[in-house]
Every structure is written in C-alpha cells, then in structure tokens.
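A.B. asks: Sharing a structure here in structure tokens format.
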Amino acid sequence: MDLKLDKHISGQFNIELERIMSSVLDMGGLVEQQITQALEAISSFDEKLAEKVVENDRKINAYELAIDEECARIIAKRQPAAIDLRIILAVAKMIADLERIGDETCRMVKAAQVQFKNQEHQFIVDLDHMGQQVLTMFNKVLDAMARMDSDAAYEVYKLDKKIDKAYEAITRQLMTHMMEDPRSIPKVMDVVWATRSLERIGDRCQNLSEHVIYLIKGKDVRHRSREHIEQMLESK
C-alpha cells in the first residue's frame with residue numbers, strides 16, 4: 001500500500017512501514033471474518049461455527065504480538081523522526097483495538113451460545129440486525145484504512161451514534177421483557193451481554209477511525225466535537 005510518506009524517508013524504511021500497514025490490514029481482514037462468522041453462527045444457531053470463532057481468536061492475538069514486535073524493532077533500529085513515529089504509534093493503537101474487537105466478538109458468541117439451547121430465539125433476530133450494522137461499520141473503517149482516506153474515516157466515526165441508538169432500543173426491549181416475565185431474566189441477560197459486546201465493537205470502530213485520521217492528518221481527534229473534527233479535517 002502507498003502511505004504517501006515524505007521524501008526524506010529511506011526506501012528501506014518506507015518498505016518496512018508499508019509492510020507493517022499491510023499486516024494491519026491482514027489482521028483487520030481476519031477480524032472481519034471473525035465478526036461475519038460470529039453473526040452467522042448466532043443467526044443460524046450453529047454451535048460448531050461459534051466454537052470456531054472462539055478458537056480462531058488466538059490467530060488475532062498472534063497478529064497483534066507480531067506487529068507490536070515489528071514496531072518495537074523499527075523504533076530501536078531506525079530511531080524514527082516525528083512523522084515516522086506517528087505512523088508507528090497509530091499502528092500500535094490500531095492493532096490494540098483490533099485485538100479487543102476480536103475479544104468482544106468471542107464474548108458475544110459465547111453469550112449467544114446459551115440461547116442456542118433455549119426455546120426463545122426472538123431476541124437473536126434483533127441481535128443479528130444490530131450485528132449487521134456493526135459489521136458494515138467495521139467494513140467501512142477497514143476500507144478507509146486501506147485507502148488512507150480521512151474523510152471516509154470520519155464518516156465511520158459518525159456511524160457510532162447509529163449503533164448506540166440500536167443498542168439502547170434493544171436494551172429497552174429486553175428490560176421490558178424481563179419485567180413482564182421475571183422467569184426469562186437468565187435467558188435474556190445472555191442476550192444483553194452479547195448486545196453490549198456489539199456496542200463495544202462499534203466504539204472500537206470509532207477508535208479505529210480516529211487512528212486513521214491521526215495517521216493521515218497528524219491530528220488527534222479524540223474527545224473532540226464533530227464541529228472541531230470537521231474544522232481539523234478541512235485545514236491543510
């Protein structure tokens with residue numbers, strides 16, 4: 001991938017940085033597969049696929065360790081200047097969030113697995129709908145990362161509001177059901193935890209969009225208002 005790096009960077013250093021970003025995208029692709037399979041397992045009540053999702057989490061962890069080690073090696077060997085260090089710091093933040101998305105995916109599918117054995121499956125429908133929204137958000141942030149597109153990353157950033165609203169709506173529905181039928185509480189709580197994991201994945205996608213903007217623009221947009229972020233993106 002082309003990072004559009006400054007001319008002062010040596011050819012070899014450029015290659016190393018681009019190789020790291022390629023690894024980040026590979027890791028992102030694996031996480032995307034995990035989310036897709038988790039949602040498929042939930043919607044089809046596929047116990048074996050759910051177990052596969054949990055088992056494959058170790059591959060995501062291995063990616064994080066390998067990329068983190070490569071970043072540390074580059075820092076020690078190259079002693080990068082500010083702009084180069086920015087890339088490495090952004091990568092370190094990205095892989096941390098990708099790894100945590102993998103963790104949340106496992107928590108989600110483990111919680112949903114309990115529902116496979118229950119007779120009441122109506123909650124899974126809403127969970128899957130929210131999951132598809134989260135998957136779309138993740139797909140978009142991965143695409144923004146691959147294309148080094150800060151504007152596309154900002155569009156992903158704004159999508160988290162939609163995920164939060166879906167989470168609130170499902171949570172209200174689940175709470176109402178538990179109040180009307182206290183016997184359902186153990187079953188419904190599993191869906192609550194799965195839904196909570198999806199909401200956290202949405203938060204991590206928003207974090208990833210912030211890291212992409214930082215990588216490209218060199219501007220930290222965390223804890224900023226939308227208006228401030230838009231001004232920062234419009235400035236040179």
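Going through the structure tokens in order, the chains are called A, B, and so on, while each chain numbers its residues from 1 and the ligands are numbered from 1 in the order shown.
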Show me, as a PyMOL selection string, the residues that have an atom within 6 Å of Arg204 (chain A) when counting only C-alpha atoms, minus same-chain residues fewer than 3 positions from it.

C.D. replies: chain A and resi 97+201+207

A.B. asks: For CA of Lys219 (chain A) and CA of Arg86 (chain A), quote the distance in Å rounded to one decimal.

C.D. replies: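 Atom-to-atom, CA of Lys219 (chain A) to CA of Arg86 (chain A), that is 10.0 Å.
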
A.B. asks: List every residue of region 143-165 of chain A that has an atom at most 10 Å from any atom of region 127-134 of chain A, and for each one report the closest atom pair and its distance in Å to one decimal, counting only C-alpha atoms, with rows sorted by chain and then by increasing residue number, as a tab-separated table.

C.D. replies:
residue	atom	partner	partner_atom	distance
A:Leu159	CA	A:Val134	CA	9.1
A:Asp160	CA	A:Val134	CA	8.7
A:Lys162	CA	A:Gln133	CA	8.5
A:Ile163	CA	A:Val134	CA	6.9
A:Asp164	CA	A:Met130	CA	9.8
A:Lys165	CA	A:Met130	CA	9.9

A.B. asks: Grab the residues selected above and save them as a CSV table (one decimal), in the first residue's frame with N, CA and C atoms.

C.D. replies:
chain,number,residue,atom,x,y,z
A,159,LEU,N,-20.9,7.1,12.4
A,159,LEU,CA,-21.9,5.9,12.4
A,159,LEU,C,-22.1,5.4,13.8
A,160,ASP,N,-21.2,5.7,14.8
A,160,ASP,CA,-21.3,5.1,16.1
A,160,ASP,C,-22.6,5.6,16.8
A,162,LYS,N,-25.5,5.8,15.5
A,162,LYS,CA,-26.5,4.9,15.0
A,162,LYS,C,-26.4,3.5,15.8
A,163,ILE,N,-25.2,3.1,16.0
A,163,ILE,CA,-25.0,1.8,16.8
A,163,ILE,C,-25.5,2.0,18.2
A,164,ASP,N,-25.2,3.2,18.8
A,164,ASP,CA,-25.6,3.4,20.2
A,164,ASP,C,-27.2,3.5,20.3
A,165,LYS,N,-27.8,4.0,19.3
A,165,LYS,CA,-29.3,4.1,19.3
A,165,LYS,C,-29.9,2.7,19.2

A.B. asks: Hey, what's within 12 Å of Ala153 (chain A) if we count only C-alpha atoms and toss same-chain stuff fewer than 5 positions away? As an NGL selection string, please?

C.D. replies: :A and (137-148 or 158-160 or 205-217 or 221 or 229-230 or 233)

A.B. asks: When you draw a straight line from CA of Asp68 (chain A) to CA of Val91 (chain A), how long is it in Å?

C.D. replies: 8.5 Å

A.B. asks: Have a look at A:Met175, A:Met189, A:Ile15, A:Ala41 and name the one nearest to Val54 (chain A); count only C-alpha atoms.

C.D. replies: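 Using only C-alpha atoms, Val54 (chain A) sits closest to A:Ala41.
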
A.B. asks: Given only C-alpha atoms, how would the per-residue table for region 104-187 of chain A near region 224-228 of chain A read, listing every residue at most 12 Å away with its closest atom pair and distance in Å to one decimal, sorted by chain and number, as a Markdown table?

C.D. replies:
| residue | atom | partner | partner_atom | distance |
| --- | --- | --- | --- | --- |
| A:Tyr154 | CA | A:Arg226 | CA | 9.2 |
| A:Glu155 | CA | A:Arg226 | CA | 10.8 |
| A:Tyr157 | CA | A:Arg226 | CA | 9.3 |
| A:Lys158 | CA | A:Arg226 | CA | 8.4 |
| A:Lys161 | CA | A:Arg226 | CA | 11.8 |

A.B. asks: Check the smallest atom-to-atom distance from each of A:Cys71, A:Val31, A:Ala76, A:Leu85 to Lys59 (chain A) using only C-alpha atoms, then report the winner.

C.D. replies: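 Smallest distance to Lys59 (chain A) is found for A:Val31.
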
A.B. asks: Please determine, counting only C-alpha atoms, which residue among A:Val192, A:Leu17, A:Ala111, A:Ile170 has the shortest atom-to-atom distance to Arg78 (chain A).

C.D. replies: A:Leu17
